[in-house]
Amino acid sequence: MEGKVALITGAGSGGFGREMAKCFASKGANIVINDINLEGLKKTQEIILNEFKVEVLIAKADISNSNEVKEMADQVFKKFDNVFLLVNNAGIDSGLYTSLKTKEEIYDKVMAVNAKGAWNITKAFFRRMKRQKQFKPIVGKIINIASCAGTENGFNPFFGVYSASKATLIAFTKLWALELGSSNITVNAVSPGVLLTPIYNNDPKLIRMLLKTRGVKLPIDRIGEAKDVAEVALFLASPAADYITGQNIILDGGMTVSINKL
């Protein structure tokens, strides 16, 4: 990925964003990291610069605010001449509420970040990506980090609006693949299951308890890690995945196929 720039949203809280940034940097990509958490971004930047000889730009912005996203895009292109890889990773949960018991302000916030935020970012960068002819045959790639909670077998009233927001992101993945394919931009999604991340306090016992309360079993009986997501994202970013678009890769240790079967 030398000479290419990877932009990752939601890279300030550890978890998937930080791990993906490290993974792309290990292959020579320059990195743009976005979040509203400035201290977390500085930590991510420090980790990457200590390990890899790449450039890392901090781009603090609220992705649910289109004006801030436009300012971020200007900042990015003052520093770099491309964004080959765009990873829509930023997301928030909606609490343990069914969709119809969720307060309106929580609904608005979750949909604004998880769905509209990815839409804002993609709208701000896709035109410039289309002109990156130096990277033929594929001039740019977009990866959306969705969730099993947004898939047919993973819909969960326990996560209500969060499930709906991630289903929206999966739908956008397919729509954008159709809209951008003729410009040689691929768009794919990764849908993790219940993995060790800050949203679960990186606590495997908490995750096991959650799975037990929902009657869910894992065919591959281990809790996944952020590294698992980063490595799938790296595959999608690589030339090996140049002919893959509009797909949602489910990364859950078999959790969703096990429902009502184990």
# chains A, B, ... in the order shown; residues from 1 in each chain; ligands from 1

$ select_by_dssp --residues "range 1-228 of chain A" --states "helix (DSSP H, G or I)" --output "mmCIF file with N, CA and C atoms, in the first residue's frame"
data_model
loop_
_atom_site.group_PDB
_atom_site.id
_atom_site.type_symbol
_atom_site.label_atom_id
_atom_site.label_comp_id
_atom_site.auth_asym_id
_atom_site.auth_seq_id
_atom_site.Cartn_x
_atom_site.Cartn_y
_atom_site.Cartn_z
ATOM 1 N N GLY A 15 -9.943 -0.481 19.631
ATOM 2 C CA GLY A 15 -10.853 -1.323 18.867
ATOM 3 C C GLY A 15 -10.502 -1.447 17.405
ATOM 4 N N PHE A 16 -11.540 -1.618 16.565
ATOM 5 C CA PHE A 16 -11.331 -1.895 15.151
ATOM 6 C C PHE A 16 -10.539 -0.790 14.461
ATOM 7 N N GLY A 17 -10.899 0.474 14.710
ATOM 8 C CA GLY A 17 -10.282 1.584 13.988
ATOM 9 C C GLY A 17 -8.786 1.644 14.181
ATOM 10 N N ARG A 18 -8.351 1.576 15.423
ATOM 11 C CA ARG A 18 -6.907 1.630 15.719
ATOM 12 C C ARG A 18 -6.185 0.427 15.124
ATOM 13 N N GLU A 19 -6.791 -0.739 15.247
ATOM 14 C CA GLU A 19 -6.140 -1.956 14.745
ATOM 15 C C GLU A 19 -6.032 -1.926 13.222
ATOM 16 N N MET A 20 -7.063 -1.426 12.542
ATOM 17 C CA MET A 20 -6.988 -1.315 11.084
ATOM 18 C C MET A 20 -5.933 -0.298 10.664
ATOM 19 N N ALA A 21 -5.861 0.823 11.372
ATOM 20 C CA ALA A 21 -4.843 1.826 11.050
ATOM 21 C C ALA A 21 -3.448 1.230 11.154
ATOM 22 N N LYS A 22 -3.205 0.466 12.196
ATOM 23 C CA LYS A 22 -1.902 -0.197 12.360
ATOM 24 C C LYS A 22 -1.651 -1.193 11.234
ATOM 25 N N CYS A 23 -2.676 -1.936 10.874
ATOM 26 C CA CYS A 23 -2.538 -2.965 9.845
ATOM 27 C C CYS A 23 -2.191 -2.347 8.489
ATOM 28 N N PHE A 24 -2.885 -1.267 8.104
ATOM 29 C CA PHE A 24 -2.596 -0.610 6.828
ATOM 30 C C PHE A 24 -1.220 0.049 6.850
ATOM 31 N N ALA A 25 -0.842 0.632 7.990
ATOM 32 C CA ALA A 25 0.480 1.255 8.117
ATOM 33 C C ALA A 25 1.588 0.218 7.980
ATOM 34 N N SER A 26 1.333 -0.993 8.453
ATOM 35 C CA SER A 26 2.343 -2.056 8.359
ATOM 36 C C SER A 26 2.647 -2.419 6.917
ATOM 37 N N LEU A 38 -10.053 13.455 20.582
ATOM 38 C CA LEU A 38 -8.720 13.913 20.190
ATOM 39 C C LEU A 38 -7.615 13.173 20.931
ATOM 40 N N GLU A 39 -7.794 12.948 22.219
ATOM 41 C CA GLU A 39 -6.761 12.255 22.988
ATOM 42 C C GLU A 39 -6.576 10.832 22.476
ATOM 43 N N GLY A 40 -7.683 10.188 22.132
ATOM 44 C CA GLY A 40 -7.595 8.841 21.567
ATOM 45 C C GLY A 40 -6.887 8.837 20.223
ATOM 46 N N LEU A 41 -7.131 9.859 19.410
ATOM 47 C CA LEU A 41 -6.447 9.978 18.116
ATOM 48 C C LEU A 41 -4.948 10.162 18.305
ATOM 49 N N LYS A 42 -4.573 10.974 19.278
ATOM 50 C CA LYS A 42 -3.151 11.183 19.551
ATOM 51 C C LYS A 42 -2.483 9.885 19.981
ATOM 52 N N LYS A 43 -3.214 9.077 20.749
ATOM 53 C CA LYS A 43 -2.679 7.780 21.169
ATOM 54 C C LYS A 43 -2.506 6.858 19.965
ATOM 55 N N THR A 44 -3.484 6.827 19.087
ATOM 56 C CA THR A 44 -3.371 6.009 17.876
ATOM 57 C C THR A 44 -2.200 6.468 17.028
ATOM 58 N N GLN A 45 -2.069 7.777 16.846
ATOM 59 C CA GLN A 45 -0.954 8.332 16.073
ATOM 60 C C GLN A 45 0.385 7.938 16.676
ATOM 61 N N GLU A 46 0.498 8.055 17.986
ATOM 62 C CA GLU A 46 1.746 7.715 18.677
ATOM 63 C C GLU A 46 2.117 6.253 18.470
ATOM 64 N N ILE A 47 1.128 5.365 18.603
ATOM 65 C CA ILE A 47 1.371 3.929 18.429
ATOM 66 C C ILE A 47 1.888 3.639 17.025
ATOM 67 N N ILE A 48 1.246 4.235 16.023
ATOM 68 C CA ILE A 48 1.635 3.968 14.634
ATOM 69 C C ILE A 48 3.032 4.517 14.341
ATOM 70 N N LEU A 49 3.283 5.746 14.749
ATOM 71 C CA LEU A 49 4.579 6.369 14.449
ATOM 72 C C LEU A 49 5.725 5.674 15.163
ATOM 73 N N ASN A 50 5.446 5.066 16.298
ATOM 74 C CA ASN A 50 6.485 4.328 17.021
ATOM 75 C C ASN A 50 6.833 3.014 16.330
ATOM 76 N N GLU A 51 5.925 2.497 15.526
ATOM 77 C CA GLU A 51 6.130 1.189 14.903
ATOM 78 C C GLU A 51 6.448 1.243 13.415
ATOM 79 N N SER A 66 -22.061 17.510 8.264
ATOM 80 C CA SER A 66 -21.513 17.561 6.903
ATOM 81 C C SER A 66 -20.506 18.690 6.724
ATOM 82 N N ASN A 67 -20.689 19.794 7.413
ATOM 83 C CA ASN A 67 -19.745 20.908 7.290
ATOM 84 C C ASN A 67 -18.383 20.531 7.863
ATOM 85 N N GLU A 68 -18.377 19.842 9.001
ATOM 86 C CA GLU A 68 -17.111 19.389 9.574
ATOM 87 C C GLU A 68 -16.436 18.362 8.666
ATOM 88 N N VAL A 69 -17.234 17.524 8.030
ATOM 89 C CA VAL A 69 -16.667 16.520 7.125
ATOM 90 C C VAL A 69 -16.033 17.194 5.900
ATOM 91 N N LYS A 70 -16.676 18.222 5.367
ATOM 92 C CA LYS A 70 -16.114 18.948 4.229
ATOM 93 C C LYS A 70 -14.799 19.620 4.606
ATOM 94 N N GLU A 71 -14.749 20.199 5.803
ATOM 95 C CA GLU A 71 -13.503 20.801 6.283
ATOM 96 C C GLU A 71 -12.413 19.746 6.453
ATOM 97 N N MET A 72 -12.804 18.573 6.907
ATOM 98 C CA MET A 72 -11.853 17.476 7.058
ATOM 99 C C MET A 72 -11.290 17.058 5.703
ATOM 100 N N ALA A 73 -12.149 16.979 4.693
ATOM 101 C CA ALA A 73 -11.691 16.605 3.352
ATOM 102 C C ALA A 73 -10.671 17.615 2.833
ATOM 103 N N ASP A 74 -10.941 18.901 3.047
ATOM 104 C CA ASP A 74 -9.976 19.935 2.638
ATOM 105 C C ASP A 74 -8.651 19.742 3.357
ATOM 106 N N GLN A 75 -8.712 19.438 4.639
ATOM 107 C CA GLN A 75 -7.503 19.209 5.430
ATOM 108 C C GLN A 75 -6.709 18.021 4.887
ATOM 109 N N VAL A 76 -7.416 16.955 4.555
ATOM 110 C CA VAL A 76 -6.758 15.745 4.058
ATOM 111 C C VAL A 76 -6.033 16.021 2.745
ATOM 112 N N PHE A 77 -6.691 16.728 1.819
ATOM 113 C CA PHE A 77 -6.088 16.925 0.505
ATOM 114 C C PHE A 77 -5.066 18.059 0.468
ATOM 115 N N LYS A 78 -4.966 18.815 1.530
ATOM 116 C CA LYS A 78 -3.827 19.730 1.669
ATOM 117 C C LYS A 78 -2.565 18.961 2.021
ATOM 118 N N LYS A 79 -2.763 17.826 2.698
ATOM 119 C CA LYS A 79 -1.639 17.010 3.153
ATOM 120 C C LYS A 79 -1.274 15.910 2.152
ATOM 121 N N SER A 99 -36.351 -1.167 19.607
ATOM 122 C CA SER A 99 -36.417 0.027 18.767
ATOM 123 C C SER A 99 -37.565 0.948 19.168
ATOM 124 N N LEU A 100 -38.691 0.383 19.545
ATOM 125 C CA LEU A 100 -39.868 1.202 19.840
ATOM 126 C C LEU A 100 -39.865 1.774 21.257
ATOM 127 N N LYS A 101 -38.897 1.355 22.053
ATOM 128 C CA LYS A 101 -38.740 1.922 23.392
ATOM 129 C C LYS A 101 -37.548 2.872 23.464
ATOM 130 N N GLU A 104 -36.270 9.326 21.191
ATOM 131 C CA GLU A 104 -36.040 9.940 19.888
ATOM 132 C C GLU A 104 -34.627 10.510 19.755
ATOM 133 N N GLU A 105 -34.116 11.119 20.817
ATOM 134 C CA GLU A 105 -32.780 11.712 20.717
ATOM 135 C C GLU A 105 -31.690 10.654 20.543
ATOM 136 N N ILE A 106 -31.916 9.453 21.119
ATOM 137 C CA ILE A 106 -30.958 8.364 20.921
ATOM 138 C C ILE A 106 -31.060 7.836 19.497
ATOM 139 N N TYR A 107 -32.287 7.680 19.011
ATOM 140 C CA TYR A 107 -32.487 7.264 17.614
ATOM 141 C C TYR A 107 -31.751 8.215 16.671
ATOM 142 N N ASP A 108 -31.978 9.509 16.853
ATOM 143 C CA ASP A 108 -31.371 10.504 15.965
ATOM 144 C C ASP A 108 -29.846 10.438 16.013
ATOM 145 N N LYS A 109 -29.294 10.287 17.205
ATOM 146 C CA LYS A 109 -27.831 10.273 17.346
ATOM 147 C C LYS A 109 -27.215 9.029 16.713
ATOM 148 N N VAL A 110 -27.823 7.866 16.964
ATOM 149 C CA VAL A 110 -27.291 6.608 16.428
ATOM 150 C C VAL A 110 -27.359 6.593 14.903
ATOM 151 N N MET A 111 -28.500 6.980 14.348
ATOM 152 C CA MET A 111 -28.629 7.000 12.894
ATOM 153 C C MET A 111 -27.722 8.071 12.280
ATOM 154 N N ALA A 112 -27.530 9.181 12.985
ATOM 155 C CA ALA A 112 -26.685 10.263 12.468
ATOM 156 C C ALA A 112 -25.232 9.831 12.341
ATOM 157 N N VAL A 113 -24.745 9.050 13.291
ATOM 158 C CA VAL A 113 -23.348 8.600 13.235
ATOM 159 C C VAL A 113 -23.210 7.362 12.355
ATOM 160 N N ASN A 114 -23.996 6.335 12.643
ATOM 161 C CA ASN A 114 -23.787 5.033 12.001
ATOM 162 C C ASN A 114 -24.198 4.993 10.540
ATOM 163 N N ALA A 115 -25.221 5.737 10.167
ATOM 164 C CA ALA A 115 -25.705 5.724 8.781
ATOM 165 C C ALA A 115 -25.371 7.027 8.057
ATOM 166 N N LYS A 116 -25.875 8.149 8.568
ATOM 167 C CA LYS A 116 -25.612 9.426 7.905
ATOM 168 C C LYS A 116 -24.137 9.767 7.918
ATOM 169 N N GLY A 117 -23.422 9.417 8.988
ATOM 170 C CA GLY A 117 -21.996 9.722 9.071
ATOM 171 C C GLY A 117 -21.212 9.074 7.938
ATOM 172 N N ALA A 118 -21.484 7.785 7.707
ATOM 173 C CA ALA A 118 -20.802 7.091 6.607
ATOM 174 C C ALA A 118 -21.185 7.705 5.266
ATOM 175 N N TRP A 119 -22.450 8.101 5.133
ATOM 176 C CA TRP A 119 -22.928 8.768 3.912
ATOM 177 C C TRP A 119 -22.217 10.101 3.716
ATOM 178 N N ASN A 120 -22.093 10.890 4.783
ATOM 179 C CA ASN A 120 -21.377 12.174 4.697
ATOM 180 C C ASN A 120 -19.936 11.986 4.229
ATOM 181 N N ILE A 121 -19.246 11.037 4.847
ATOM 182 C CA ILE A 121 -17.836 10.800 4.513
ATOM 183 C C ILE A 121 -17.696 10.356 3.060
ATOM 184 N N THR A 122 -18.517 9.428 2.648
ATOM 185 C CA THR A 122 -18.423 8.913 1.283
ATOM 186 C C THR A 122 -18.741 9.999 0.270
ATOM 187 N N LYS A 123 -19.754 10.814 0.534
ATOM 188 C CA LYS A 123 -20.084 11.925 -0.364
ATOM 189 C C LYS A 123 -18.934 12.914 -0.482
ATOM 190 N N ALA A 124 -18.201 13.112 0.615
ATOM 191 C CA ALA A 124 -17.121 14.100 0.624
ATOM 192 C C ALA A 124 -15.885 13.632 -0.138
ATOM 193 N N PHE A 125 -15.730 12.318 -0.322
ATOM 194 C CA PHE A 125 -14.474 11.816 -0.896
ATOM 195 C C PHE A 125 -14.618 11.085 -2.232
ATOM 196 N N PHE A 126 -15.827 10.636 -2.604
ATOM 197 C CA PHE A 126 -15.895 9.735 -3.753
ATOM 198 C C PHE A 126 -15.508 10.412 -5.072
ATOM 199 N N ARG A 127 -15.806 11.693 -5.230
ATOM 200 C CA ARG A 127 -15.479 12.360 -6.500
ATOM 201 C C ARG A 127 -13.971 12.426 -6.712
ATOM 202 N N ARG A 128 -13.243 12.748 -5.662
ATOM 203 C CA ARG A 128 -11.788 12.792 -5.768
ATOM 204 C C ARG A 128 -11.225 11.395 -6.010
ATOM 205 N N MET A 129 -11.808 10.395 -5.363
ATOM 206 C CA MET A 129 -11.355 9.019 -5.552
ATOM 207 C C MET A 129 -11.511 8.589 -7.009
ATOM 208 N N LYS A 130 -12.596 9.006 -7.652
ATOM 209 C CA LYS A 130 -12.850 8.629 -9.049
ATOM 210 C C LYS A 130 -11.748 9.098 -9.993
ATOM 211 N N LYS A 133 -6.537 8.029 -11.255
ATOM 212 C CA LYS A 133 -6.231 7.079 -12.332
ATOM 213 C C LYS A 133 -4.871 6.402 -12.155
ATOM 214 N N GLN A 134 -4.026 6.946 -11.270
ATOM 215 C CA GLN A 134 -2.707 6.337 -11.062
ATOM 216 C C GLN A 134 -2.811 4.960 -10.413
ATOM 217 N N PHE A 135 -3.997 4.632 -9.896
ATOM 218 C CA PHE A 135 -4.150 3.367 -9.191
ATOM 219 C C PHE A 135 -4.908 2.320 -10.001
ATOM 220 N N CYS A 148 -23.105 -7.849 12.488
ATOM 221 C CA CYS A 148 -24.045 -8.959 12.357
ATOM 222 C C CYS A 148 -25.441 -8.558 12.806
ATOM 223 N N ALA A 149 -25.519 -7.564 13.694
ATOM 224 C CA ALA A 149 -26.822 -7.104 14.186
ATOM 225 C C ALA A 149 -27.671 -6.500 13.075
ATOM 226 N N GLY A 150 -27.039 -6.182 11.946
ATOM 227 C CA GLY A 150 -27.770 -5.628 10.812
ATOM 228 C C GLY A 150 -28.083 -6.636 9.735
ATOM 229 N N PRO A 157 -33.750 -7.399 18.672
ATOM 230 C CA PRO A 157 -34.514 -6.353 19.351
ATOM 231 C C PRO A 157 -33.774 -5.779 20.550
ATOM 232 N N PHE A 158 -32.871 -6.589 21.104
ATOM 233 C CA PHE A 158 -32.058 -6.170 22.234
ATOM 234 C C PHE A 158 -31.222 -4.932 21.878
ATOM 235 N N PHE A 159 -30.852 -4.826 20.580
ATOM 236 C CA PHE A 159 -30.018 -3.715 20.117
ATOM 237 C C PHE A 159 -30.784 -2.744 19.228
ATOM 238 N N GLY A 160 -32.090 -2.958 19.092
ATOM 239 C CA GLY A 160 -33.002 -2.081 18.404
ATOM 240 C C GLY A 160 -32.484 -1.196 17.301
ATOM 241 N N VAL A 161 -32.340 0.082 17.603
ATOM 242 C CA VAL A 161 -31.973 1.074 16.594
ATOM 243 C C VAL A 161 -30.573 0.820 16.043
ATOM 244 N N TYR A 162 -29.674 0.286 16.863
ATOM 245 C CA TYR A 162 -28.337 -0.061 16.378
ATOM 246 C C TYR A 162 -28.448 -1.068 15.237
ATOM 247 N N SER A 163 -29.275 -2.099 15.412
ATOM 248 C CA SER A 163 -29.490 -3.078 14.344
ATOM 249 C C SER A 163 -29.975 -2.401 13.070
ATOM 250 N N ALA A 164 -30.924 -1.483 13.210
ATOM 251 C CA ALA A 164 -31.472 -0.790 12.046
ATOM 252 C C ALA A 164 -30.410 0.057 11.353
ATOM 253 N N SER A 165 -29.556 0.715 12.153
ATOM 254 C CA SER A 165 -28.521 1.573 11.564
ATOM 255 C C SER A 165 -27.501 0.757 10.778
ATOM 256 N N LYS A 166 -27.164 -0.421 11.287
ATOM 257 C CA LYS A 166 -26.179 -1.253 10.592
ATOM 258 C C LYS A 166 -26.785 -1.930 9.364
ATOM 259 N N ALA A 167 -28.079 -2.234 9.418
ATOM 260 C CA ALA A 167 -28.755 -2.736 8.220
ATOM 261 C C ALA A 167 -28.749 -1.670 7.134
ATOM 262 N N THR A 168 -28.904 -0.421 7.534
ATOM 263 C CA THR A 168 -28.833 0.696 6.582
ATOM 264 C C THR A 168 -27.454 0.772 5.946
ATOM 265 N N LEU A 169 -26.420 0.597 6.750
ATOM 266 C CA LEU A 169 -25.056 0.662 6.219
ATOM 267 C C LEU A 169 -24.786 -0.481 5.245
ATOM 268 N N ILE A 170 -25.329 -1.645 5.514
ATOM 269 C CA ILE A 170 -25.183 -2.762 4.577
ATOM 270 C C ILE A 170 -25.911 -2.449 3.270
ATOM 271 N N ALA A 171 -27.086 -1.827 3.362
ATOM 272 C CA ALA A 171 -27.813 -1.424 2.154
ATOM 273 C C ALA A 171 -27.026 -0.383 1.367
ATOM 274 N N PHE A 172 -26.432 0.588 2.063
ATOM 275 C CA PHE A 172 -25.591 1.579 1.390
ATOM 276 C C PHE A 172 -24.414 0.908 0.680
ATOM 277 N N THR A 173 -23.859 -0.120 1.302
ATOM 278 C CA THR A 173 -22.729 -0.839 0.688
ATOM 279 C C THR A 173 -23.117 -1.344 -0.700
ATOM 280 N N LYS A 174 -24.274 -1.937 -0.802
ATOM 281 C CA LYS A 174 -24.720 -2.488 -2.082
ATOM 282 C C LYS A 174 -25.078 -1.375 -3.072
ATOM 283 N N LEU A 175 -25.728 -0.326 -2.573
ATOM 284 C CA LEU A 175 -26.072 0.801 -3.439
ATOM 285 C C LEU A 175 -24.820 1.477 -3.988
ATOM 286 N N TRP A 176 -23.848 1.734 -3.113
ATOM 287 C CA TRP A 176 -22.634 2.434 -3.558
ATOM 288 C C TRP A 176 -21.807 1.569 -4.499
ATOM 289 N N ALA A 177 -21.847 0.254 -4.298
ATOM 290 C CA ALA A 177 -21.146 -0.638 -5.234
ATOM 291 C C ALA A 177 -21.735 -0.491 -6.630
ATOM 292 N N LEU A 178 -23.061 -0.377 -6.699
ATOM 293 C CA LEU A 178 -23.724 -0.182 -7.993
ATOM 294 C C LEU A 178 -23.416 1.201 -8.570
ATOM 295 N N GLU A 179 -23.401 2.217 -7.727
ATOM 296 C CA GLU A 179 -23.214 3.591 -8.184
ATOM 297 C C GLU A 179 -21.771 3.876 -8.596
ATOM 298 N N LEU A 180 -20.806 3.226 -7.949
ATOM 299 C CA LEU A 180 -19.396 3.585 -8.153
ATOM 300 C C LEU A 180 -18.611 2.545 -8.944
ATOM 301 N N GLY A 181 -19.239 1.425 -9.246
ATOM 302 C CA GLY A 181 -18.520 0.372 -9.975
ATOM 303 C C GLY A 181 -17.977 0.830 -11.309
ATOM 304 N N SER A 182 -18.748 1.629 -12.041
ATOM 305 C CA SER A 182 -18.287 2.094 -13.358
ATOM 306 C C SER A 182 -17.107 3.047 -13.247
ATOM 307 N N SER A 183 -16.870 3.565 -12.049
ATOM 308 C CA SER A 183 -15.703 4.433 -11.815
ATOM 309 C C SER A 183 -14.527 3.654 -11.250
ATOM 310 N N PRO A 198 -13.752 -2.010 22.944
ATOM 311 C CA PRO A 198 -14.113 -1.129 24.068
ATOM 312 C C PRO A 198 -15.613 -1.089 24.349
ATOM 313 N N ILE A 199 -16.449 -1.322 23.333
ATOM 314 C CA ILE A 199 -17.902 -1.282 23.547
ATOM 315 C C ILE A 199 -18.343 -2.374 24.532
ATOM 316 N N TYR A 200 -17.550 -3.461 24.620
ATOM 317 C CA TYR A 200 -17.799 -4.526 25.594
ATOM 318 C C TYR A 200 -16.733 -4.531 26.690
ATOM 319 N N PRO A 204 -14.059 -10.578 27.963
ATOM 320 C CA PRO A 204 -14.645 -11.809 27.416
ATOM 321 C C PRO A 204 -15.749 -12.384 28.295
ATOM 322 N N LYS A 205 -15.682 -12.179 29.618
ATOM 323 C CA LYS A 205 -16.723 -12.681 30.512
ATOM 324 C C LYS A 205 -18.052 -11.972 30.249
ATOM 325 N N LEU A 206 -17.983 -10.666 30.010
ATOM 326 C CA LEU A 206 -19.186 -9.908 29.687
ATOM 327 C C LEU A 206 -19.809 -10.410 28.388
ATOM 328 N N ILE A 207 -18.956 -10.680 27.403
ATOM 329 C CA ILE A 207 -19.451 -11.172 26.117
ATOM 330 C C ILE A 207 -20.078 -12.555 26.267
ATOM 331 N N ARG A 208 -19.428 -13.427 27.018
ATOM 332 C CA ARG A 208 -19.980 -14.770 27.245
ATOM 333 C C ARG A 208 -21.345 -14.680 27.926
ATOM 334 N N MET A 209 -21.466 -13.773 28.887
ATOM 335 C CA MET A 209 -22.730 -13.605 29.594
ATOM 336 C C MET A 209 -23.816 -13.123 28.639
ATOM 337 N N LEU A 210 -23.456 -12.166 27.764
ATOM 338 C CA LEU A 210 -24.413 -11.651 26.792
ATOM 339 C C LEU A 210 -24.881 -12.751 25.852
ATOM 340 N N LEU A 211 -23.938 -13.552 25.358
ATOM 341 C CA LEU A 211 -24.296 -14.647 24.454
ATOM 342 C C LEU A 211 -25.208 -15.653 25.154
ATOM 343 N N LYS A 212 -24.908 -15.937 26.404
ATOM 344 C CA LYS A 212 -25.710 -16.911 27.160
ATOM 345 C C LYS A 212 -27.133 -16.415 27.366
ATOM 346 N N THR A 213 -27.275 -15.126 27.696
ATOM 347 C CA THR A 213 -28.620 -14.588 27.933
ATOM 348 C C THR A 213 -29.462 -14.605 26.664
ATOM 349 N N ALA A 226 -10.205 -7.485 17.612
ATOM 350 C CA ALA A 226 -10.134 -6.421 16.610
ATOM 351 C C ALA A 226 -9.199 -6.789 15.469
ATOM 352 N N LYS A 227 -8.164 -7.539 15.774
ATOM 353 C CA LYS A 227 -7.202 -7.958 14.746
ATOM 354 C C LYS A 227 -7.879 -8.774 13.653
ATOM 355 N N ASP A 228 -8.884 -9.551 14.014
ATOM 356 C CA ASP A 228 -9.604 -10.352 13.021
ATOM 357 C C ASP A 228 -10.269 -9.453 11.982
#

$ closest_atom_pairs --of "range 136-210 of chain A" --to "range 242-251 of chain A" --cutoff "6 Å" --atoms "only C-alpha atoms" --output "JSON lines"
{"residue": "A:Thr173", "atom": "CA", "partner": "A:Gly246", "partner_atom": "CA", "distance": 5.9}
{"residue": "A:Lys174", "atom": "CA", "partner": "A:Gly246", "partner_atom": "CA", "distance": 4.5}
{"residue": "A:Ala177", "atom": "CA", "partner": "A:Gly246", "partner_atom": "CA", "distance": 5.0}
{"residue": "A:Thr186", "atom": "CA", "partner": "A:Thr245", "partner_atom": "CA", "distance": 5.0}
{"residue": "A:Val187", "atom": "CA", "partner": "A:Thr245", "partner_atom": "CA", "distance": 5.2}
{"residue": "A:Asn188", "atom": "CA", "partner": "A:Gln247", "partner_atom": "CA", "distance": 5.0}
{"residue": "A:Ala189", "atom": "CA", "partner": "A:Asn248", "partner_atom": "CA", "distance": 4.5}
{"residue": "A:Val190", "atom": "CA", "partner": "A:Ile249", "partner_atom": "CA", "distance": 4.7}
{"residue": "A:Ser191", "atom": "CA", "partner": "A:Ile250", "partner_atom": "CA", "distance": 4.7}
{"residue": "A:Pro192", "atom": "CA", "partner": "A:Leu251", "partner_atom": "CA", "distance": 4.6}

$ atom_distance --atom1 "CA of Pro219 in chain A" --atom2 "CA of Asn202 in chain A"
20.8 Å

$ residues_around --residues "Lys4 in chain A" --least-positions-apart "2" --cutoff "10 Å" --atoms "only C-alpha atoms" --output "list in words"
Met1, Glu2, Ala6, Phe24, Lys27, Gly28, Ala29, Asn30, Ile31, Phe80, Asp81, Asn82, Val83, Phe84, Leu85, Phe135 and Gly140 of chain A

$ select_by_dssp --residues "range 33-251 of chain A" --states "strand (DSSP E or B)" --output "ChimeraX atom specification"
/A:33-35,56-60,85-88,140-145,185-192,195-196,224-225,248-251

$ write_last_selection --atoms "C-alpha atoms" --output "CSV table (one decimal), in the first residue's frame"
chain,number,residue,atom,x,y,z
A,33,ILE,CA,-7.4,8.9,11.5
A,34,ASN,CA,-10.7,10.5,12.4
A,35,ASP,CA,-12.7,10.7,15.6
A,56,VAL,CA,-0.2,10.0,10.1
A,57,LEU,CA,-2.7,12.8,9.9
A,58,ILE,CA,-5.2,13.5,12.7
A,59,ALA,CA,-8.5,14.7,11.4
A,60,LYS,CA,-10.8,15.5,14.3
A,85,LEU,CA,-8.9,3.5,1.0
A,86,LEU,CA,-11.9,4.9,2.9
A,87,VAL,CA,-13.0,2.9,5.9
A,88,ASN,CA,-16.3,3.9,7.5
A,140,GLY,CA,-10.3,3.5,-4.8
A,141,LYS,CA,-11.9,1.2,-2.2
A,142,ILE,CA,-14.5,1.8,0.4
A,143,ILE,CA,-15.0,-0.6,3.3
A,144,ASN,CA,-18.0,-0.2,5.7
A,145,ILE,CA,-17.8,-1.7,9.1
A,185,ILE,CA,-14.2,1.9,-7.0
A,186,THR,CA,-15.1,-1.2,-5.0
A,187,VAL,CA,-17.4,-1.0,-2.0
A,188,ASN,CA,-17.7,-3.8,0.6
A,189,ALA,CA,-18.7,-4.3,4.2
A,190,VAL,CA,-17.5,-6.3,7.1
A,191,SER,CA,-20.0,-7.4,9.7
A,192,PRO,CA,-18.3,-8.4,12.9
A,195,LEU,CA,-15.8,-9.2,19.5
A,196,LEU,CA,-13.4,-7.9,22.1
A,224,GLY,CA,-13.0,-12.7,18.2
A,225,GLU,CA,-10.6,-9.7,18.4
A,248,ASN,CA,-20.9,-8.1,3.2
A,249,ILE,CA,-18.4,-10.4,4.8
A,250,ILE,CA,-19.8,-11.8,8.1
A,251,LEU,CA,-17.0,-12.3,10.7

$ closest_residue --among "A:Gly91, A:Pro239, A:Gly215, A:Gly154" --to "Ile138 in chain A" --atoms "only C-alpha atoms"
A:Pro239

$ atom_distance --atom1 "CA of Gly3 in chain A" --atom2 "CA of Asn65 in chain A"
29.4 Å
